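For reference, the structure is listed below as structure tokens.
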There are 4 protein chains.
Amino acid sequence: MKAAVLHAYDEKLSSDTFVHYEDVPDPKIEKATDVIVRIGGAGVCRTDLHVVEGIWRSKVDVTLPYIMGHENAGWVEEVGSAVTGFKVGDPVICHPLVTSGHCLACRRGDDMHATDSKFPGINTNGGYAQYLLTGERSLIKLPKSLAPKDVAPYTDAGLTAYRAAKKASRHLLPGQYVVVIGAGGLGHIGIQVLAALCAAEIIVVDRAETGLALAKECGAHHLVRADGGEVDSVMALTGGRGAEAVIDFVGEGDAVAKGLAMTANGGFYYIVGYGGKIDLPTIDMITSEKTIVGNLVGTYPELVELMALADRGLVHLATKEYRLRDANEALHDLHHGRIRGRAVLIP
Amino acid sequence: MKAAVLHAYDEKLSSDTFVHYEDVPDPKIEKATDVIVRIGGAGVCRTDLHVVEGIWRSKVDVTLPYIMGHENAGWVEEVGSAVTGFKVGDPVICHPLVTSGHCLACRRGDDMHATDSKFPGINTNGGYAQYLLTGERSLIKLPKSLAPKDVAPYTDAGLTAYRAAKKASRHLLPGQYVVVIGAGGLGHIGIQVLAALCAAEIIVVDRAETGLALAKECGAHHLVRADGGEVDSVMALTGGRGAEAVIDFVGEGDAVAKGLAMTANGGFYYIVGYGGKIDLPTIDMITSEKTIVGNLVGTYPELVELMALADRGLVHLATKEYRLRDANEALHDLHHGRIRGRAVLIP
Amino acid sequence: MKAAVLHAYDEKLSSDTFVHYEDVPDPKIEKATDVIVRIGGAGVCRTDLHVVEGIWRSKVDVTLPYIMGHENAGWVEEVGSAVTGFKVGDPVICHPLVTSGHCLACRRGDDMHATDSKFPGINTNGGYAQYLLTGERSLIKLPKSLAPKDVAPYTDAGLTAYRAAKKASRHLLPGQYVVVIGAGGLGHIGIQVLAALCAAEIIVVDRAETGLALAKECGAHHLVRADGGEVDSVMALTGGRGAEAVIDFVGEGDAVAKGLAMTANGGFYYIVGYGGKIDLPTIDMITSEKTIVGNLVGTYPELVELMALADRGLVHLATKEYRLRDANEALHDLHHGRIRGRAVLIP
Amino acid sequence: MKAAVLHAYDEKLSSDTFVHYEDVPDPKIEKATDVIVRIGGAGVCRTDLHVVEGIWRSKVDVTLPYIMGHENAGWVEEVGSAVTGFKVGDPVICHPLVTSGHCLACRRGDDMHATDSKFPGINTNGGYAQYLLTGERSLIKLPKSLAPKDVAPYTDAGLTAYRAAKKASRHLLPGQYVVVIGAGGLGHIGIQVLAALCAAEIIVVDRAETGLALAKECGAHHLVRADGGEVDSVMALTGGRGAEAVIDFVGEGDAVAKGLAMTANGGFYYIVGYGGKIDLPTIDMITSEKTIVGNLVGTYPELVELMALADRGLVHLATKEYRLRDANEALHDLHHGRIRGRAVLIP
């Protein structure tokens with residue numbers, strides 16, 4: 001099959017060619033619960049750039065060359081002998097983790113903390129390809145309203161944004177405020193999820209007018225340009241208290257310090273984006289009683305929930321399509337901020 | 001009345017005399033809801049040392065000279081015209097905040113986040129004195145089993161430890177682990193509260209053998225000497241996962257980084273002690289999905305709950321008594337680690 | 001002042017004249033925290049009919065004659081000496097309970113379970129009058145967008161519906177269902193609150209087409225006529241599982257048994273309306289693991305939250321205005337199902 | 001193999017011979033994930049009496065003859081081809097449900113609400129036998145401290161009591177009260193779990209002195225003889241408020257009405273036992289804002305948690321051993337209240 005393969009890290013992202021479009025062997029069914037999916041679309045994620053940079057080398061065990069792509073949807077191509085819930089041709093979206101379901105985390109509903117899992121596109125071959133090897137437990141059948149290429153980025157960008165926004169929605173009350181920092185691939189979904197799941201007023205902070213325009217379409221109530229005065233702006237909007245929840249989809253540069261400064265006493269700062277540092281005196285956590293919440297991708301049931309929102313039109317994904325052979329173009333466009341919403345590679 | 005008064009900050013804590021024992025005017029009833037309490041005992045807190053150092057100058061609005069002492073208990077001496085729930089002579093313990101009860105935080109049960117409050121001993125005169133001005137809403141009547149001088153430190157040291165331990169107990173399950181860092185004035189209460197409120201196994205980390213011995217008396221299941229290898233020790237005890245909750249009563253030096261390292265993926269790091277910094281890459285919060293929880297003193301109902309534990313003998317406070325005139329000795333003993341449990345000043 | 005006074009119970013609601021419009025003494029400030037409100041509007045509630053029937057005689061301690069009316073809003077007319085947060089002329093809405101704020105329930109944010117409270121219109125004189133005696137702690141200042149007569153029914157009908165809907169919204173997930181039984185004075189608000197606070201699909205069951213039409217305006221996704229087959233209809237809509245939450249605003253006749261039957265295994269049946277009985281074998285609770293939740297009026301902070309929704313236009317109250325002198329007409333119209341939304345008496 | 005087989009229902013439990021000890025075919029591995037367990041002990045449950053009475057006929061689909069016994073532990077005898085986590089000879093305890101783990105309930109951690117499950121001993125052959133057919137997902141490996149015959153009743157009696165007690169422990173605070181009605185096979189475990197998981201004061205109500213004596217050993221703080229005045233006794237113990245939680249392990253006769261009457265306003269009544277009825281006016285649920293919670297057996301992770309408590313000696317099971325051939329004697333002893341704790345059948 002054809003795939004876009006990563007052969008070498010590029011710490012400064014200075015090369016024109018991050019991945020090579022080439023022929024590789026087809027994946028094969030190995031276990032009775034395995035499934036091979038024909039890719040309909042694979043989302044392009046900032047994490048893929050971080051993988052190219054080599055940031056993930058110390059976090060996961062993977063050797064080059066391998067195939068990136070952890071946001072996948074398509075059609076069932078082949079099933080293992082024990083697979084009973086899916087048949088060839090079924091349109092499916094793939095939860096990013098492949099688990100056995102036996103560990104205590106899975107049993108408690110926290111499958112993204114499974115002790116025995118694979119993460120295609122991160123620590124094994126992913127979906128920048130024609131076919132993907134995954135497992136039955138990872139699949140969700142798509143309703144007719146949703147085409148694979150249009151929903152692929154929900155599996156990670158969408159699901160991560162959904163999980164963080166859902167956590168915040170559990171404590172946000174009418175009359176309270178939530179700040180979303182960054183209205184990009186994840187942020188623009190987070191805004192829509194917040195609008196669907198709670199009645200807090202949504203303030204969006206972004207550096208770019210295009211981001212703010214997208215935020216407005218997504219349901220933001222207040223737009224703040226990140227021009228240096230964003231903390232003051234949020235304080236003014238919230239009567240000086242700050243926001244009861246801040247969801248930071250940037251997580252680098254001064255976003256972290258500013259995000260924490262915008263958080264009300266007793267409030268929650270959700271960190272989703274990464275690349276930067278959290279750096280503050282412990283006394284500031286004591287006197288303010290703030291909470292800093294790390295956020296991973298969501299669970300399988302949360303992806304089902306997100307699909308329910310998408311099916312009802314409550315969440316819409318802004319995508320830009322590229323041919324798989326043009327993966328490098330997509331990665332560079334993402335790197336240089338030229339994508340509104342999310343890039344999707346189509347084999 | 002007599003009081004131990006702070007006249008000047010001492011950033012290096014190098015002086016022999018932090019406070020001066022001298023005559024000051026008696027406090028007076030000002031509002032109909034005011035109450036004057038004759039002090040039975042006033043706890044000596046590490047925060048008092050931090051006040052002397054001037055660390056709190058930027059956090060609160062107070063001018064010297066003033067009287068420290070935010071852990072107070074005694075007997076009602078005089079009540080304002082609107083006070084109906086207490087009469088002269090009642091033995092009482094004082095919640096550290098004085099509030100009107102009108103703001104939304106108080107209405108929601110989060111009175112320690114009140115927008116209109118005073119904090120005697122922090123931002124107004126406290127209990128290193130014969131008498132204290134407080135309010136009716138701050139008082140809890142003591143059962144006969146509890147003498148004011150024996151319980152005074154519950155109001156801040158105890159209440160803060162209780163709140164953090166209670167938060168952790170809400171998610172700790174049998175088969176899981178909780179680490180307590182620091183078995184001092186707060187920590188030794190936190191251990192007892194954990195033992196009363198949940199069935200997780202309690203691991204205590206302390207630099208001193210005396211701390212570990214006190215921890216054992218308090219119900220710790222595993223003792224770890226903080227000699228450099230404490231992260232490895234905790235990992236070994238927890239089967240390599242780390243602890244589902246870590247409560248850090250130290251909050252300075254390498255305790256913070258080590259505390260975070262001991263926390264299991266998906267787990268909670270509760271920061272209570274202060275003086276140091278939190279400093280970590282955002283990616284570490286993402287991949288681990290940890291949560292960092294700031295902790296302030298507890299609410300009035302939480303002090304009632306803690307008194308219920310004390311009344312039933314489920315929590316016991318280790319104290320060392322000093323005469324009020326010997327406040328400097330108590331402060332120095334605390335500074336140099338010579339106190340087991342908590343010092344209490346008795347007028 | 002003028003008031004509509006209840007002089008005698010009428011168990012069968014057979015009289016033309018439930019209350020008498022007559023002159024009574026003005027209320028007087030008694031305590032320093034008292035406030036007298038000039039009534040702008042007083043809601044007419046099914047509970048008022050139940051009071052007339054004498055159903056509440058065994059529940060509360062009140063002697064006739066007295067003035068009903070527990071849904072009140074207006075303007076501050078006079079304040080006690082200790083009142084600092086309000087001044088004469090302020091437009092206000094009145095939380096239905098008058099509390100001191102000293103008991104543990106109030107301290108924990110559950111003020112509607114206060115151990116020391118009055119409930120004007122239920123156990124002391126209410127707002128079917130020109131003036132009402134209440135307390136400072138019960139008042140919320142109205143934003144300019146909201147007129148007293150238009151919001152008065154929020155204080156009980158709205159607040160009770162809000163509390164039940166908010167409880168349900170805390171566990172309802174996308175892809176799940178909530179049933180609202182009864183789209184009347186409370187139900188039509190409950191529907192709007194659910195639409196604002198969660199993304200579950202809302203099924204409304206009502207006997208009347210006018211109720212279903214109002215439900216649709218309020219945001220219901222599915223309408224079911226209560227014609228005997230409503231359990232089957234809900235089962236069909238929910239894929240045979242039943243609804244994860246059922247909020248029963250009727251609570252009498254067969255609504256209760258049907259409401260429980262519509263509830264999914266592991267789901268929640270919220271009972272708000274009353275007059276009927278819960279009657280089921282304990283084995284049915286065991287095998288289904290359902291939960292039956294009783295619902296009282298909401299707290300003061302919840303009324304603040306509801307006002308935030310109203311101020312932003314997310315909840316709208318359907319009202320029908322009557323002059324105070326026409327209180328009997330309003331009560332009879334309610335009794336005979338002739339009111340869309342809520343009747344309000346205007347002095 | 002030998003088994004004690006149910007051939008006919010006996011609605012009045014009037015026969016001497018409920019089950020017949022006889023030869024039946026051995027169970028066979030059918031699916032790749034199947035496991036056959038050699039029974040070390042099978043608990044005898046009041047539900048078995050209810051099965052004999054025919055109460056469950058309308059609830060589950062089973063045809064006679066079949067083998068009862070849903071509380072099983074033993075050693076792995078044979079494993080299917082896909083089983084990787086267990087090997088022949090492993091000592092195991094069996095979660096009562098056999099599930100595939102694919103439905104949304106399992107994914108969310110609520111496996112006892114699985115849409116595709118079997119319940120050996122209830123709707124398919126159980127463990128009153130030498131061998132049991134179950135599935136890999138149902139097994140928990142036992143630590144060396146625990147022998148199969150000593151822990152078998154934890155799988156249902158213990159697990160159901162654990163789940164109800166755990167739910168209550170999530171909201172019970174120091175200074176509050178919990179009532180346990182019935183200190184039998186389930187109740188005596190519930191008491192120990194409450195003592196381990198929270199610091200509420202435990203009041204136990206039982207008709208028999210032997211039950212109260214067992215309750216005291218298990219950690220009850222207050223004992224109340226169920227002699228007609230138990231509601232008054234509980235009210236007196238709780239200062240007139242009632243208990244914040246009542247766990248009713250009886251669920252028939254007047255236990256239900258009395259249990260509800262003992263529950264504090266805003267409190268929770270947990271129904272575990274069955275056979276009787278819930279019968280109360282809806283108004284009583286409204287004015288009290290009580291919650292009635294149905295309770296099924298716990299989840300697989302909850303059985304792991306319970307085993308952790310047992311392993312640490314925090315919960316101890318009182319058992320009485322019978323040979324499998326004496327199953328009728330065990331059932332009759334249970335029926336006539338002659339068992340302290342729980343009967344266990346040993347092949």
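Labels used: A, B, ... for chains in the order of the structure tokens, numbers from 1 for residues in each chain, and numbers from 1 for ligands as shown.
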**Message:** Should the cut-off be 8 Å, what would the residue list for chain C against chain A look like, counting only C-alpha atoms, as a ChimeraX atom specification?
**Reply:** /C:170,173-175,196-199,304-306,308-309
Excluding Gly185 in chain C and any residue of its chain fewer than 6 positions from it, enumerate the residues within 7 Å of it, using only C-alpha atoms, and give them as a PDB file with N, CA, C and O atoms, in the first residue's frame.
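Saved to selection_16.pdb:
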```pdb
ATOM      1  N   ALA C 157     -41.808  28.164  41.214  1.00  0.00           N
ATOM      2  CA  ALA C 157     -42.022  27.304  40.044  1.00  0.00           C
ATOM      3  C   ALA C 157     -40.709  27.177  39.277  1.00  0.00           C
ATOM      4  O   ALA C 157     -40.233  26.085  38.955  1.00  0.00           O
ATOM      5  N   GLY C 341     -48.479  28.366  30.967  1.00  0.00           N
ATOM      6  CA  GLY C 341     -47.367  28.881  31.770  1.00  0.00           C
ATOM      7  C   GLY C 341     -47.840  29.186  33.175  1.00  0.00           C
ATOM      8  O   GLY C 341     -48.340  28.308  33.875  1.00  0.00           O
ATOM      9  N   ARG C 342     -47.774  30.434  33.603  1.00  0.00           N
ATOM     10  CA  ARG C 342     -47.957  30.764  35.011  1.00  0.00           C
ATOM     11  C   ARG C 342     -48.792  32.030  35.193  1.00  0.00           C
ATOM     12  O   ARG C 342     -48.538  33.046  34.534  1.00  0.00           O
TER      13      ARG C 342
END
```
**Asked** Hey, what's within 6 Å of range 18-32 of chain C if we count only C-alpha atoms and toss same-chain stuff fewer than 2 positions away? As a ChimeraX atom specification, please?
**Response** /C:1-6,34,80-82,133,325
For the residues selected in the previous step, produce a file with N, CA, C and O atoms as an mmCIF file, in the first residue's frame.
```
data_model
loop_
_atom_site.group_PDB
_atom_site.id
_atom_site.type_symbol
_atom_site.label_atom_id
_atom_site.label_comp_id
_atom_site.auth_asym_id
_atom_site.auth_seq_id
_atom_site.Cartn_x
_atom_site.Cartn_y
_atom_site.Cartn_z
ATOM 1 N N MET C 1 -53.146 47.675 54.138
ATOM 2 C CA MET C 1 -52.953 47.341 52.717
ATOM 3 C C MET C 1 -54.036 46.364 52.250
ATOM 4 O O MET C 1 -54.760 45.784 53.047
ATOM 5 N N LYS C 2 -54.129 46.179 50.936
ATOM 6 C CA LYS C 2 -55.044 45.200 50.366
ATOM 7 C C LYS C 2 -54.337 43.834 50.296
ATOM 8 O O LYS C 2 -53.125 43.775 50.032
ATOM 9 N N ALA C 3 -55.093 42.784 50.517
ATOM 10 C CA ALA C 3 -54.541 41.442 50.382
ATOM 11 C C ALA C 3 -55.665 40.470 50.036
ATOM 12 O O ALA C 3 -56.844 40.757 50.272
ATOM 13 N N ALA C 4 -55.298 39.329 49.440
ATOM 14 C CA ALA C 4 -56.259 38.247 49.169
ATOM 15 C C ALA C 4 -56.034 37.187 50.243
ATOM 16 O O ALA C 4 -55.006 36.509 50.230
ATOM 17 N N VAL C 5 -56.995 37.090 51.170
ATOM 18 C CA VAL C 5 -56.772 36.343 52.408
ATOM 19 C C VAL C 5 -57.521 34.999 52.398
ATOM 20 O O VAL C 5 -58.672 34.927 51.970
ATOM 21 N N LEU C 6 -56.848 33.973 52.862
ATOM 22 C CA LEU C 6 -57.480 32.652 53.000
ATOM 23 C C LEU C 6 -58.090 32.547 54.394
ATOM 24 O O LEU C 6 -57.372 32.620 55.393
ATOM 25 N N ASP C 34 -34.701 42.559 58.771
ATOM 26 C CA ASP C 34 -35.953 42.477 58.006
ATOM 27 C C ASP C 34 -35.972 43.476 56.851
ATOM 28 O O ASP C 34 -35.330 44.532 56.907
ATOM 29 N N GLY C 80 -34.540 47.090 57.634
ATOM 30 C CA GLY C 80 -34.152 47.095 59.037
ATOM 31 C C GLY C 80 -32.794 47.747 59.237
ATOM 32 O O GLY C 80 -32.057 47.989 58.273
ATOM 33 N N SER C 81 -32.434 47.970 60.494
ATOM 34 C CA SER C 81 -31.247 48.777 60.802
ATOM 35 C C SER C 81 -29.938 48.107 60.381
ATOM 36 O O SER C 81 -28.944 48.787 60.154
ATOM 37 N N ALA C 82 -29.921 46.781 60.260
ATOM 38 C CA ALA C 82 -28.662 46.099 59.940
ATOM 39 C C ALA C 82 -28.520 45.786 58.452
ATOM 40 O O ALA C 82 -27.518 45.203 58.039
ATOM 41 N N LEU C 133 -43.338 41.026 54.186
ATOM 42 C CA LEU C 133 -42.213 41.053 55.123
ATOM 43 C C LEU C 133 -41.289 39.880 54.817
ATOM 44 O O LEU C 133 -41.708 38.719 54.852
ATOM 45 N N ARG C 325 -57.066 41.713 42.924
ATOM 46 C CA ARG C 325 -58.469 41.575 43.303
ATOM 47 C C ARG C 325 -59.136 40.386 42.589
ATOM 48 O O ARG C 325 -60.209 39.946 42.987
#
```
**Prompt:** When DSSP works through the backbone of this structure, what residues of range 72-272 of chain C end up as strand (DSSP E), shown as number ranges by chain?
**Reply:** C: 72-79, 91-94, 98-99, 117-118, 131-135, 139-141, 177-181, 201-206, 222-225, 243-248, 263-271
**Prompt:** Got a sec to tell me which of range 53-289 of chain D DSSP assigns to alpha helix (DSSP H), as a count of residues only?
**Reply:** 66
**Request:** Would you kindly return, as a VMD selection string, each protein, DNA or RNA residue with an atom no farther than 6 Å from any atom of Ala243 in chain B, considering only C-alpha atoms and excluding same-chain residues fewer than 2 positions away?
**Result:** chain B and resid 177 to 178 245 263 to 264
**Asked** Using only C-alpha atoms, which residues sit within 10 Å of range 269-273 of chain B once same-chain residues fewer than 5 positions away are excluded, as a PyMOL selection string?
**Response** (chain A and resi 282-283+285-287+289+291-292) or (chain B and resi 46-47+160-161+163-165+167-168+178-182+186-187+243-252+255-256+259-264+278+290-297)
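For Ile140 in chain C, the set of protein, DNA and RNA residues having any atom at most 8 Å away, when counting only C-alpha atoms and skipping those fewer than 4 positions along the same chain, is Val92, Ile93, Cys94, His95 and Val304 of chain C.
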**Message:** Using Å and a single decimal, report how far CA of Thr84 in chain C sits from CA of Ile67 in chain B.
**Reply:** 29.2 Å
